[in-house]
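*Asks:* Input structure: target-v3.cif, which contains mmCIF, C-alpha atoms and all ligand atoms.
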```cif
data_start
#
loop_
_atom_site.group_PDB
_atom_site.id
_atom_site.type_symbol
_atom_site.label_atom_id
_atom_site.label_comp_id
_atom_site.auth_asym_id
_atom_site.auth_seq_id
_atom_site.Cartn_x
_atom_site.Cartn_y
_atom_site.Cartn_z
ATOM 1 C CA MET Y 18 102.455 93.431 37.682
ATOM 2 C CA ALA Y 19 100.169 91.863 35.028
ATOM 3 C CA MET Y 20 100.168 93.308 31.495
ATOM 4 C CA GLY Y 21 98.133 96.488 31.476
ATOM 5 C CA ARG Y 22 96.302 98.369 28.766
ATOM 6 C CA VAL Y 23 98.941 101.126 28.624
ATOM 7 C CA ASP Y 24 101.943 99.048 29.613
ATOM 8 C CA GLY Y 25 105.281 100.857 29.458
ATOM 9 C CA ARG Y 26 103.810 104.099 28.117
ATOM 10 C CA VAL Y 27 104.832 107.402 29.632
ATOM 11 C CA ALA Y 28 101.840 109.535 30.622
ATOM 12 C CA VAL Y 29 101.772 113.182 31.685
ATOM 13 C CA VAL Y 30 98.757 114.168 33.788
ATOM 14 C CA SER Y 31 98.365 117.874 34.569
ATOM 15 C CA GLY Y 32 96.761 118.622 37.922
ATOM 16 C CA GLY Y 33 97.512 115.023 38.890
ATOM 17 C CA GLY Y 34 98.088 115.749 42.569
ATOM 18 C CA ARG Y 35 94.506 115.431 43.776
ATOM 19 C CA GLY Y 36 90.887 114.921 42.716
ATOM 20 C CA LEU Y 37 90.144 113.492 39.286
ATOM 21 C CA GLY Y 38 93.787 113.930 38.247
ATOM 22 C CA ALA Y 39 94.972 111.731 41.127
ATOM 23 C CA ALA Y 40 92.444 109.021 40.187
ATOM 24 C CA ILE Y 41 93.544 109.236 36.529
ATOM 25 C CA CYS Y 42 97.216 108.871 37.546
ATOM 26 C CA GLU Y 43 96.417 105.801 39.619
ATOM 27 C CA ARG Y 44 94.267 104.188 36.917
ATOM 28 C CA LEU Y 45 96.929 104.677 34.228
ATOM 29 C CA ALA Y 46 99.718 103.553 36.571
ATOM 30 C CA ARG Y 47 97.827 100.409 37.617
ATOM 31 C CA ASP Y 48 97.536 99.549 33.922
ATOM 32 C CA GLY Y 49 101.274 99.797 33.432
ATOM 33 C CA ALA Y 50 101.919 103.437 32.523
ATOM 34 C CA LEU Y 51 104.897 105.370 33.889
ATOM 35 C CA VAL Y 52 103.144 108.445 35.225
ATOM 36 C CA ALA Y 53 104.400 112.021 35.421
ATOM 37 C CA ILE Y 54 102.241 113.812 37.984
ATOM 38 C CA ALA Y 55 102.475 117.470 36.962
ATOM 39 C CA ASP Y 56 100.929 119.971 39.334
ATOM 40 C CA ILE Y 57 101.306 123.560 40.499
ATOM 41 C CA ASP Y 58 101.060 122.150 44.045
ATOM 42 C CA ILE Y 59 104.279 120.143 44.088
ATOM 43 C CA ALA Y 60 103.775 118.912 47.679
ATOM 44 C CA THR Y 61 100.471 117.239 46.766
ATOM 45 C CA ALA Y 62 102.005 115.802 43.598
ATOM 46 C CA GLU Y 63 104.940 114.381 45.604
ATOM 47 C CA MET Y 64 102.512 112.786 48.066
ATOM 48 C CA GLN Y 65 100.518 111.194 45.273
ATOM 49 C CA ALA Y 66 103.680 109.915 43.552
ATOM 50 C CA HIS Y 67 104.872 108.412 46.835
ATOM 51 C CA ARG Y 68 101.487 106.743 47.401
ATOM 52 C CA LEU Y 69 101.578 105.176 43.917
ATOM 53 C CA ARG Y 70 105.183 103.991 44.303
ATOM 54 C CA GLU Y 71 104.181 102.274 47.548
ATOM 55 C CA LYS Y 72 101.630 100.329 45.488
ATOM 56 C CA GLY Y 73 104.372 99.169 43.103
ATOM 57 C CA CYS Y 74 103.623 101.696 40.346
ATOM 58 C CA VAL Y 75 106.078 103.961 38.516
ATOM 59 C CA ALA Y 76 105.249 107.614 39.258
ATOM 60 C CA LYS Y 77 107.197 110.837 39.619
ATOM 61 C CA ALA Y 78 106.097 114.348 40.586
ATOM 62 C CA PHE Y 79 106.921 117.446 38.514
ATOM 63 C CA ALA Y 80 106.185 121.114 39.201
ATOM 64 C CA LEU Y 81 104.067 122.692 36.453
ATOM 65 C CA ASP Y 82 101.950 125.795 36.065
ATOM 66 C CA VAL Y 83 99.907 124.951 32.961
ATOM 67 C CA THR Y 84 99.649 128.636 32.018
ATOM 68 C CA SER Y 85 103.410 128.835 31.323
ATOM 69 C CA GLU Y 86 104.613 127.793 27.856
ATOM 70 C CA ALA Y 87 108.219 127.673 29.092
ATOM 71 C CA GLN Y 88 107.268 125.289 31.929
ATOM 72 C CA TRP Y 89 105.484 122.931 29.520
ATOM 73 C CA GLU Y 90 108.557 122.856 27.218
ATOM 74 C CA SER Y 91 110.832 122.114 30.144
ATOM 75 C CA LEU Y 92 108.411 119.509 31.560
ATOM 76 C CA TYR Y 93 108.608 117.348 28.416
ATOM 77 C CA SER Y 94 112.437 117.357 28.548
ATOM 78 C CA GLN Y 95 112.433 116.515 32.257
ATOM 79 C CA VAL Y 96 109.887 113.713 31.849
ATOM 80 C CA SER Y 97 111.669 112.233 28.806
ATOM 81 C CA ALA Y 98 114.955 112.188 30.733
ATOM 82 C CA ALA Y 99 113.389 110.651 33.862
ATOM 83 C CA LEU Y 100 110.794 108.231 32.458
ATOM 84 C CA GLY Y 101 111.176 108.028 28.654
ATOM 85 C CA ARG Y 102 109.415 109.557 25.660
ATOM 86 C CA VAL Y 103 105.883 110.724 26.364
ATOM 87 C CA SER Y 104 102.975 109.111 24.500
ATOM 88 C CA ILE Y 105 99.957 110.001 26.672
ATOM 89 C CA LEU Y 106 98.936 113.493 27.756
ATOM 90 C CA VAL Y 107 95.936 114.155 29.986
ATOM 91 C CA ASN Y 108 95.101 117.856 30.204
ATOM 92 C CA ASN Y 109 93.217 117.719 33.492
ATOM 93 C CA ALA Y 110 94.252 120.769 35.551
ATOM 94 C CA GLY Y 111 91.386 123.186 35.993
ATOM 95 C CA ILE Y 112 89.886 125.761 38.316
ATOM 96 C CA ALA Y 113 86.339 126.943 38.934
ATOM 97 C CA ALA Y 114 84.678 130.021 40.370
ATOM 98 C CA PRO Y 115 81.051 131.114 40.409
ATOM 99 C CA GLY Y 116 79.859 134.166 38.467
ATOM 100 C CA THR Y 117 77.230 135.106 35.903
ATOM 101 C CA ALA Y 118 77.736 136.934 32.604
ATOM 102 C CA GLU Y 119 76.731 140.102 34.455
ATOM 103 C CA ASP Y 120 78.764 139.917 37.646
ATOM 104 C CA THR Y 121 81.982 138.133 36.596
ATOM 105 C CA GLU Y 122 85.033 140.392 36.913
ATOM 106 C CA LEU Y 123 87.301 140.491 33.851
ATOM 107 C CA ALA Y 124 90.263 139.407 36.004
ATOM 108 C CA ASP Y 125 88.385 136.246 37.098
ATOM 109 C CA TRP Y 126 87.279 135.559 33.523
ATOM 110 C CA LYS Y 127 90.921 135.757 32.364
ATOM 111 C CA ARG Y 128 92.270 133.668 35.266
ATOM 112 C CA ILE Y 129 89.800 130.848 34.613
ATOM 113 C CA HIS Y 130 90.432 130.845 30.871
ATOM 114 C CA ALA Y 131 94.205 131.008 31.444
ATOM 115 C CA VAL Y 132 94.199 127.727 33.391
ATOM 116 C CA ASN Y 133 91.287 125.860 31.787
ATOM 117 C CA LEU Y 134 91.812 126.857 28.158
ATOM 118 C CA ASP Y 135 95.299 128.357 27.640
ATOM 119 C CA GLY Y 136 96.659 125.524 29.812
ATOM 120 C CA VAL Y 137 95.079 122.896 27.542
ATOM 121 C CA PHE Y 138 96.288 124.716 24.418
ATOM 122 C CA LEU Y 139 99.883 125.011 25.684
ATOM 123 C CA GLY Y 140 100.026 121.404 26.899
ATOM 124 C CA THR Y 141 98.643 120.217 23.572
ATOM 125 C CA LYS Y 142 100.945 122.388 21.465
ATOM 126 C CA SER Y 143 104.112 121.183 23.179
ATOM 127 C CA GLY Y 144 102.625 117.672 23.476
ATOM 128 C CA ILE Y 145 102.211 117.393 19.706
ATOM 129 C CA LYS Y 146 105.846 118.428 19.263
ATOM 130 C CA ALA Y 147 106.925 115.757 21.746
ATOM 131 C CA MET Y 148 104.732 112.983 20.290
ATOM 132 C CA LYS Y 149 104.411 113.544 16.550
ATOM 133 C CA GLU Y 150 107.371 111.352 15.548
ATOM 134 C CA HIS Y 151 106.094 108.256 17.380
ATOM 135 C CA GLY Y 152 102.374 108.885 18.023
ATOM 136 C CA GLY Y 153 100.262 109.073 21.140
ATOM 137 C CA ALA Y 154 96.973 110.042 22.702
ATOM 138 C CA ILE Y 155 95.772 113.308 24.201
ATOM 139 C CA VAL Y 156 92.742 113.367 26.503
ATOM 140 C CA ASN Y 157 91.328 116.748 27.499
ATOM 141 C CA ILE Y 158 89.141 116.972 30.581
ATOM 142 C CA SER Y 159 86.256 119.256 29.663
ATOM 143 C CA SER Y 160 82.964 118.987 31.575
ATOM 144 C CA ILE Y 161 79.224 118.567 31.112
ATOM 145 C CA LYS Y 162 79.430 122.366 31.399
ATOM 146 C CA GLY Y 163 81.200 122.348 28.021
ATOM 147 C CA ILE Y 164 77.972 120.976 26.542
ATOM 148 C CA ALA Y 165 75.156 122.316 28.741
ATOM 149 C CA ALA Y 166 75.571 125.636 30.562
ATOM 150 C CA THR Y 167 74.299 127.017 33.858
ATOM 151 C CA SER Y 168 73.783 130.703 34.592
ATOM 152 C CA PHE Y 169 76.079 130.740 37.631
ATOM 153 C CA SER Y 170 79.454 129.748 36.135
ATOM 154 C CA ALA Y 171 79.786 131.732 32.907
ATOM 155 C CA ALA Y 172 83.595 131.803 32.681
ATOM 156 C CA TYR Y 173 84.012 128.143 33.646
ATOM 157 C CA ASP Y 174 81.361 126.970 31.166
ATOM 158 C CA SER Y 175 82.885 129.136 28.424
ATOM 159 C CA SER Y 176 86.351 127.692 29.027
ATOM 160 C CA LYS Y 177 85.049 124.108 28.998
ATOM 161 C CA GLY Y 178 83.029 124.674 25.821
ATOM 162 C CA ALA Y 179 86.172 125.993 24.168
ATOM 163 C CA VAL Y 180 88.142 122.920 25.263
ATOM 164 C CA ARG Y 181 85.505 120.735 23.586
ATOM 165 C CA ILE Y 182 85.876 122.344 20.152
ATOM 166 C CA PHE Y 183 89.647 122.918 20.469
ATOM 167 C CA THR Y 184 89.914 119.140 20.984
ATOM 168 C CA LYS Y 185 88.178 118.516 17.668
ATOM 169 C CA SER Y 186 90.328 121.069 15.813
ATOM 170 C CA THR Y 187 93.478 119.444 17.196
ATOM 171 C CA ALA Y 188 92.231 115.943 16.335
ATOM 172 C CA LEU Y 189 91.680 117.006 12.713
ATOM 173 C CA HIS Y 190 95.091 118.682 12.521
ATOM 174 C CA CYS Y 191 96.879 115.575 13.818
ATOM 175 C CA ALA Y 192 94.880 113.243 11.542
ATOM 176 C CA GLU Y 193 95.457 115.360 8.431
ATOM 177 C CA ASN Y 194 99.195 115.396 9.139
ATOM 178 C CA HIS Y 195 99.325 111.614 9.817
ATOM 179 C CA TYR Y 196 100.839 112.172 13.252
ATOM 180 C CA ASN Y 197 99.123 109.113 14.756
ATOM 181 C CA ILE Y 198 98.052 111.242 17.712
ATOM 182 C CA ARG Y 199 94.416 110.808 18.748
ATOM 183 C CA VAL Y 200 92.777 113.687 20.599
ATOM 184 C CA ASN Y 201 89.521 113.356 22.542
ATOM 185 C CA SER Y 202 87.639 115.069 25.333
ATOM 186 C CA VAL Y 203 85.983 113.652 28.457
ATOM 187 C CA HIS Y 204 82.953 115.390 29.946
ATOM 188 C CA PRO Y 205 82.450 114.442 33.582
ATOM 189 C CA GLY Y 206 79.266 115.089 35.487
ATOM 190 C CA TRP Y 207 79.610 116.330 39.075
ATOM 191 C CA VAL Y 208 82.110 114.496 41.273
ATOM 192 C CA ARG Y 209 82.596 115.531 44.927
ATOM 193 C CA THR Y 210 86.311 116.388 44.708
ATOM 194 C CA GLU Y 211 88.037 119.097 46.762
ATOM 195 C CA MET Y 212 87.243 121.565 43.960
ATOM 196 C CA VAL Y 213 83.514 120.998 44.425
ATOM 197 C CA GLU Y 214 83.637 120.725 48.233
ATOM 198 C CA GLU Y 215 85.624 123.971 48.542
ATOM 199 C CA GLY Y 216 83.194 125.795 46.260
ATOM 200 C CA MET Y 217 80.141 124.566 48.128
ATOM 201 C CA ALA Y 218 81.651 125.324 51.548
ATOM 202 C CA LYS Y 219 81.660 129.012 50.595
ATOM 203 C CA LEU Y 220 77.887 129.008 50.081
ATOM 204 C CA GLU Y 221 75.388 129.396 52.924
ATOM 205 C CA ASP Y 222 73.069 126.827 51.343
ATOM 206 C CA GLY Y 223 75.848 124.593 49.985
ATOM 207 C CA GLU Y 224 74.346 121.251 51.060
ATOM 208 C CA ALA Y 225 70.885 122.151 49.719
ATOM 209 C CA MET Y 226 72.516 123.069 46.435
ATOM 210 C CA MET Y 227 74.415 119.778 46.366
ATOM 211 C CA ALA Y 228 71.120 117.916 46.771
ATOM 212 C CA GLN Y 229 69.658 119.846 43.843
ATOM 213 C CA ILE Y 230 72.719 119.134 41.723
ATOM 214 C CA ARG Y 231 72.647 115.434 42.598
ATOM 215 C CA ALA Y 232 69.036 115.319 41.407
ATOM 216 C CA LEU Y 233 70.112 116.602 37.979
ATOM 217 C CA HIS Y 234 71.915 113.285 37.427
ATOM 218 C CA PRO Y 235 69.193 110.790 36.372
ATOM 219 C CA ILE Y 236 71.284 107.927 37.751
ATOM 220 C CA GLY Y 237 70.582 109.475 41.184
ATOM 221 C CA ARG Y 238 74.063 110.129 42.535
ATOM 222 C CA PHE Y 239 77.328 111.989 41.980
ATOM 223 C CA GLY Y 240 80.104 110.419 39.939
ATOM 224 C CA GLU Y 241 83.165 108.785 41.474
ATOM 225 C CA PRO Y 242 86.714 109.791 40.433
ATOM 226 C CA ASP Y 243 87.420 106.225 39.255
ATOM 227 C CA GLU Y 244 84.460 106.367 36.880
ATOM 228 C CA ILE Y 245 86.050 109.340 35.120
ATOM 229 C CA ALA Y 246 89.501 107.733 35.231
ATOM 230 C CA ASN Y 247 88.175 104.579 33.525
ATOM 231 C CA ALA Y 248 86.986 106.664 30.556
ATOM 232 C CA VAL Y 249 90.375 108.377 30.313
ATOM 233 C CA LEU Y 250 92.194 105.030 30.386
ATOM 234 C CA PHE Y 251 89.982 103.742 27.559
ATOM 235 C CA LEU Y 252 90.650 106.777 25.350
ATOM 236 C CA ALA Y 253 94.385 106.663 26.113
ATOM 237 C CA SER Y 254 94.634 102.950 25.262
ATOM 238 C CA ASP Y 255 94.749 101.176 21.881
ATOM 239 C CA GLU Y 256 91.165 100.023 22.467
ATOM 240 C CA ALA Y 257 90.231 103.504 21.236
ATOM 241 C CA SER Y 258 92.476 103.307 18.144
ATOM 242 C CA PHE Y 259 89.758 104.564 15.729
ATOM 243 C CA ILE Y 260 88.435 107.260 18.075
ATOM 244 C CA THR Y 261 89.593 110.831 17.576
ATOM 245 C CA GLY Y 262 87.831 114.177 17.836
ATOM 246 C CA ALA Y 263 85.170 112.523 19.996
ATOM 247 C CA GLU Y 264 83.562 113.647 23.244
ATOM 248 C CA LEU Y 265 82.947 110.996 25.872
ATOM 249 C CA VAL Y 266 80.270 112.030 28.342
ATOM 250 C CA VAL Y 267 80.535 110.381 31.788
ATOM 251 C CA ASP Y 268 77.663 112.013 33.621
ATOM 252 C CA GLY Y 269 75.008 109.576 34.845
ATOM 253 C CA GLY Y 270 72.637 110.877 32.161
ATOM 254 C CA TYR Y 271 72.901 114.611 33.045
ATOM 255 C CA THR Y 272 73.218 115.776 29.414
ATOM 256 C CA ALA Y 273 70.809 113.169 28.016
ATOM 257 C CA GLN Y 274 67.780 115.108 29.286
HETATM 258 N N1 LIG Y 301 84.828 117.654 40.103
HETATM 259 C C1 LIG Y 301 83.909 117.787 39.199
HETATM 260 O O1 LIG Y 301 82.705 117.694 39.471
HETATM 261 C C2 LIG Y 301 84.286 118.055 37.750
HETATM 262 C C3 LIG Y 301 83.295 117.923 36.779
HETATM 263 C C4 LIG Y 301 83.624 118.160 35.450
HETATM 264 C C5 LIG Y 301 84.918 118.500 35.106
HETATM 265 N N2 LIG Y 301 85.853 118.622 36.074
HETATM 266 C C6 LIG Y 301 87.205 118.995 35.645
HETATM 267 O O2 LIG Y 301 88.116 118.001 36.045
HETATM 268 C C7 LIG Y 301 89.406 118.573 36.288
HETATM 269 C C8 LIG Y 301 89.882 118.190 37.678
HETATM 270 O O3 LIG Y 301 88.941 118.716 38.616
HETATM 271 P P1 LIG Y 301 88.961 118.304 40.155
HETATM 272 O O4 LIG Y 301 87.543 118.346 40.589
HETATM 273 O O5 LIG Y 301 89.773 117.085 40.356
HETATM 274 O O6 LIG Y 301 89.700 119.598 40.768
HETATM 275 P P2 LIG Y 301 90.682 119.769 42.032
HETATM 276 O O7 LIG Y 301 90.659 121.212 42.367
HETATM 277 O O8 LIG Y 301 90.337 118.795 43.094
HETATM 278 O O9 LIG Y 301 92.109 119.380 41.423
HETATM 279 C C9 LIG Y 301 92.709 120.202 40.437
HETATM 280 C C10 LIG Y 301 94.207 119.996 40.424
HETATM 281 O O10 LIG Y 301 94.748 120.884 39.437
HETATM 282 C C11 LIG Y 301 95.863 121.572 39.991
HETATM 283 N N3 LIG Y 301 96.018 122.882 39.335
HETATM 284 C C12 LIG Y 301 95.239 123.988 39.478
HETATM 285 N N4 LIG Y 301 95.744 125.000 38.774
HETATM 286 C C13 LIG Y 301 96.867 124.530 38.158
HETATM 287 C C14 LIG Y 301 97.828 125.108 37.281
HETATM 288 N N5 LIG Y 301 97.765 126.402 36.906
HETATM 289 N N6 LIG Y 301 98.836 124.324 36.824
HETATM 290 C C15 LIG Y 301 98.931 123.033 37.204
HETATM 291 N N7 LIG Y 301 98.075 122.436 38.051
HETATM 292 C C16 LIG Y 301 97.038 123.183 38.513
HETATM 293 C C17 LIG Y 301 95.532 121.714 41.478
HETATM 294 O O11 LIG Y 301 96.704 121.938 42.249
HETATM 295 C C18 LIG Y 301 94.886 120.358 41.762
HETATM 296 O O12 LIG Y 301 95.823 119.370 42.109
HETATM 297 C C19 LIG Y 301 89.230 120.083 36.078
HETATM 298 O O13 LIG Y 301 89.613 120.437 34.772
HETATM 299 C C20 LIG Y 301 87.744 120.276 36.276
HETATM 300 O O14 LIG Y 301 87.267 121.429 35.635
HETATM 301 C C21 LIG Y 301 85.577 118.406 37.383
#
```
I need this file expressed as structure tokens, please.
Ligand SMILES: NC(=O)c1ccc[n+]([C@@H]2O[C@H](COP(=O)([O-])OP(=O)(O)OC[C@H]3O[C@@H](n4cnc5c(N)ncnc54)[C@H](O)[C@@H]3O)[C@@H](O)[C@H]2O)c1
*Replies:*
Amino acid sequence: MAMGRVDGRVAVVSGGGRGLGAAICERLARDGALVAIADIDIATAEMQAHRLREKGCVAKAFALDVTSEAQWESLYSQVSAALGRVSILVNNAGIAAPGTAEDTELADWKRIHAVNLDGVFLGTKSGIKAMKEHGGAIVNISSIKGIAATSFSAAYDSSKGAVRIFTKSTALHCAENHYNIRVNSVHPGWVRTEMVEEGMAKLEDGEAMMAQIRALHPIGRFGEPDEIANAVLFLASDEASFITGAELVVDGGYTAQ
């Protein structure tokens, strides 16, 4: 394989089994990273790892529930033993559910924040411990919803907004302590992954809503998983060596309006 932009680096991608996470795993692996595909759905993660190995990449599946601090701690030991010391972490795992500020149940609010926000915090906390001696890069997958809200996904938007500012706090902490760990967030526009398709399938007027959502992207279409993965690769690579605490919007102009 030709020299890649993250050659020989060990990357952990949470929620790497499908959707954007799967595309991120493939992009990093094709550029030389040894990829740990960490997912609560181990069968999907195994399938993705197998698919990448068939393409000549180095990839291994690991079971991880991002809401468990103990599982994160154990993941870093397992990955270090299997692939080597970790220097890239992509906090990608996330869940979504509709609900306004008025009708969201507290249990749903907590579940969404547990995965989307606590999961990023726990991955980052143990990631800093694993990387601070030798340096690395953390990329948190937020959303356009972390910048511009909608009325119908209050808990999701709240969790993604929190990821945006937590990223900046962590970037400052790492910089001030000279850890050589850069921390940035990526804010994708809408991409038709299983998460989106499953959500829309539950709605009577799902396709009409998808057309409306597509129209909110001035570029005139949804994003593709690879377009998000390219941004992650850039931030994870040395090409972004002076970039930390930044938010990279990949949204076809959605938030420019
Ligand atoms: N698809 C979009 O339009 C879009 C837009 C902006 C941001 N995002 C964000 O991108 C990320 C990936 O989204 P996607 O569309 O690929 O979703 P997806 O549902 O297709 O994939 C999510 C993956 O995360 C895993 N996961 C869920 N809960 C987990 C947990 N507790 N621990 C470990 N793994 C867990 C799932 O098993 C799955 O493999 C999410 O954070 C999402 O909020 C997506």
*Asks:* Have a look at Y:Ala118, Y:Ile182, Y:Val200, Y:Leu265 and name the one nearest to ligand LIG 301 (chain Y); count only C-alpha atoms and all ligand atoms.
*Replies:* Y:Leu265
*Asks:* Can you spell out as a list in words the set of residues that the PyMOL selection byres (((chain Y and resi 257) around 12) and not hetatm) selects in the structure I just provided?
*Replies:*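 On this input, the PyMOL selection byres (((chain Y and resi 257) around 12) and not hetatm) captures Arg22, Val23, Gly153, Ala154, Ile155, Val156, Ile198, Arg199, Val200, Asn201, Ala248, Val249, Leu250, Phe251, Leu252, Ala253, Ser254, Asp255, Glu256, Ser258, Phe259, Ile260, Thr261, Gly262, Ala263 and Leu265 of chain Y.
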*Asks:* On this structure, which residues satisfy the PyMOL selection byres (((not hetatm)) within 7 of (chain Y and resi 301)), written as a VMD selection string?
*Replies:* chain Y and resid 31 to 38 55 to 58 61 81 to 84 109 to 113 132 to 133 158 to 161 204 to 213
*Asks:* Those selected residues, please, written with C-alpha atoms and delivered as a PDB file, in the frame of the given file.
*Replies:*
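And here is the file that came out, result_22.pdb:
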```pdb
ATOM      1  CA  SER Y  31      98.365 117.874  34.569  1.00  0.00           C
ATOM      2  CA  GLY Y  32      96.761 118.622  37.922  1.00  0.00           C
ATOM      3  CA  GLY Y  33      97.512 115.023  38.890  1.00  0.00           C
ATOM      4  CA  GLY Y  34      98.088 115.749  42.569  1.00  0.00           C
ATOM      5  CA  ARG Y  35      94.506 115.431  43.776  1.00  0.00           C
ATOM      6  CA  GLY Y  36      90.887 114.921  42.716  1.00  0.00           C
ATOM      7  CA  LEU Y  37      90.144 113.492  39.286  1.00  0.00           C
ATOM      8  CA  GLY Y  38      93.787 113.930  38.247  1.00  0.00           C
ATOM      9  CA  ALA Y  55     102.475 117.470  36.962  1.00  0.00           C
ATOM     10  CA  ASP Y  56     100.929 119.971  39.334  1.00  0.00           C
ATOM     11  CA  ILE Y  57     101.306 123.560  40.499  1.00  0.00           C
ATOM     12  CA  ASP Y  58     101.060 122.150  44.045  1.00  0.00           C
ATOM     13  CA  THR Y  61     100.471 117.239  46.766  1.00  0.00           C
ATOM     14  CA  LEU Y  81     104.067 122.692  36.453  1.00  0.00           C
ATOM     15  CA  ASP Y  82     101.950 125.795  36.065  1.00  0.00           C
ATOM     16  CA  VAL Y  83      99.907 124.951  32.961  1.00  0.00           C
ATOM     17  CA  THR Y  84      99.649 128.636  32.018  1.00  0.00           C
ATOM     18  CA  ASN Y 109      93.217 117.719  33.492  1.00  0.00           C
ATOM     19  CA  ALA Y 110      94.252 120.769  35.551  1.00  0.00           C
ATOM     20  CA  GLY Y 111      91.386 123.186  35.993  1.00  0.00           C
ATOM     21  CA  ILE Y 112      89.886 125.761  38.316  1.00  0.00           C
ATOM     22  CA  ALA Y 113      86.339 126.943  38.934  1.00  0.00           C
ATOM     23  CA  VAL Y 132      94.199 127.727  33.391  1.00  0.00           C
ATOM     24  CA  ASN Y 133      91.287 125.860  31.787  1.00  0.00           C
ATOM     25  CA  ILE Y 158      89.141 116.972  30.581  1.00  0.00           C
ATOM     26  CA  SER Y 159      86.256 119.256  29.663  1.00  0.00           C
ATOM     27  CA  SER Y 160      82.964 118.987  31.575  1.00  0.00           C
ATOM     28  CA  ILE Y 161      79.224 118.567  31.112  1.00  0.00           C
ATOM     29  CA  HIS Y 204      82.953 115.390  29.946  1.00  0.00           C
ATOM     30  CA  PRO Y 205      82.450 114.442  33.582  1.00  0.00           C
ATOM     31  CA  GLY Y 206      79.266 115.089  35.487  1.00  0.00           C
ATOM     32  CA  TRP Y 207      79.610 116.330  39.075  1.00  0.00           C
ATOM     33  CA  VAL Y 208      82.110 114.496  41.273  1.00  0.00           C
ATOM     34  CA  ARG Y 209      82.596 115.531  44.927  1.00  0.00           C
ATOM     35  CA  THR Y 210      86.311 116.388  44.708  1.00  0.00           C
ATOM     36  CA  GLU Y 211      88.037 119.097  46.762  1.00  0.00           C
ATOM     37  CA  MET Y 212      87.243 121.565  43.960  1.00  0.00           C
ATOM     38  CA  VAL Y 213      83.514 120.998  44.425  1.00  0.00           C
TER      39      VAL Y 213
END
```
*Asks:* Please, what distance in Å, to one decimal, runs between atom CA of Y:Thr117 and atom CA of Y:Ser168?
*Replies:*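 Result for atom CA of Y:Thr117 versus atom CA of Y:Ser168: 5.7 Å, one decimal.
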*Asks:* Which residues would end up in the selection if the PyMOL selection byres (((chain Y and resi 104) around 10) and not hetatm) were applied here, given that I need the answer as a ChimeraX atom specification?
*Replies:* /Y:23,25-29,50,101-103,105-106,144-145,147-149,151-155,198,253
*Asks:* Figure out the distance between atom CA of Y:Asp135 and atom CA of Y:Leu189, please, to one decimal in Å.
*Replies:*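 Taking atom CA of Y:Leu189 as the start and atom CA of Y:Asp135 as the end point, the length is 19.1 Å.
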*Asks:* Could you work out an axis-aligned box for stretch 266-274 of chain Y, taking every atom the file lists and adding 8 Å on each side, and report centre and edge lengths in Å to one decimal, as JSON?
*Replies:*
```
{"center_x": 74.2, "center_y": 112.7, "center_z": 31.4, "size_x": 28.8, "size_y": 22.2, "size_z": 22.8}
```
*Asks:* Using only C-alpha atoms, which of the listed residues (Y:Val267, Y:Ile230, Y:Thr121, Y:Leu69) sits closest to Y:Arg44?
*Replies:* Y:Leu69
*Asks:* Could you state the separation of atom CA of Y:Arg68 and atom CA of Y:Asn157 in Å, given to one decimal place?
*Replies:* 24.5 Å
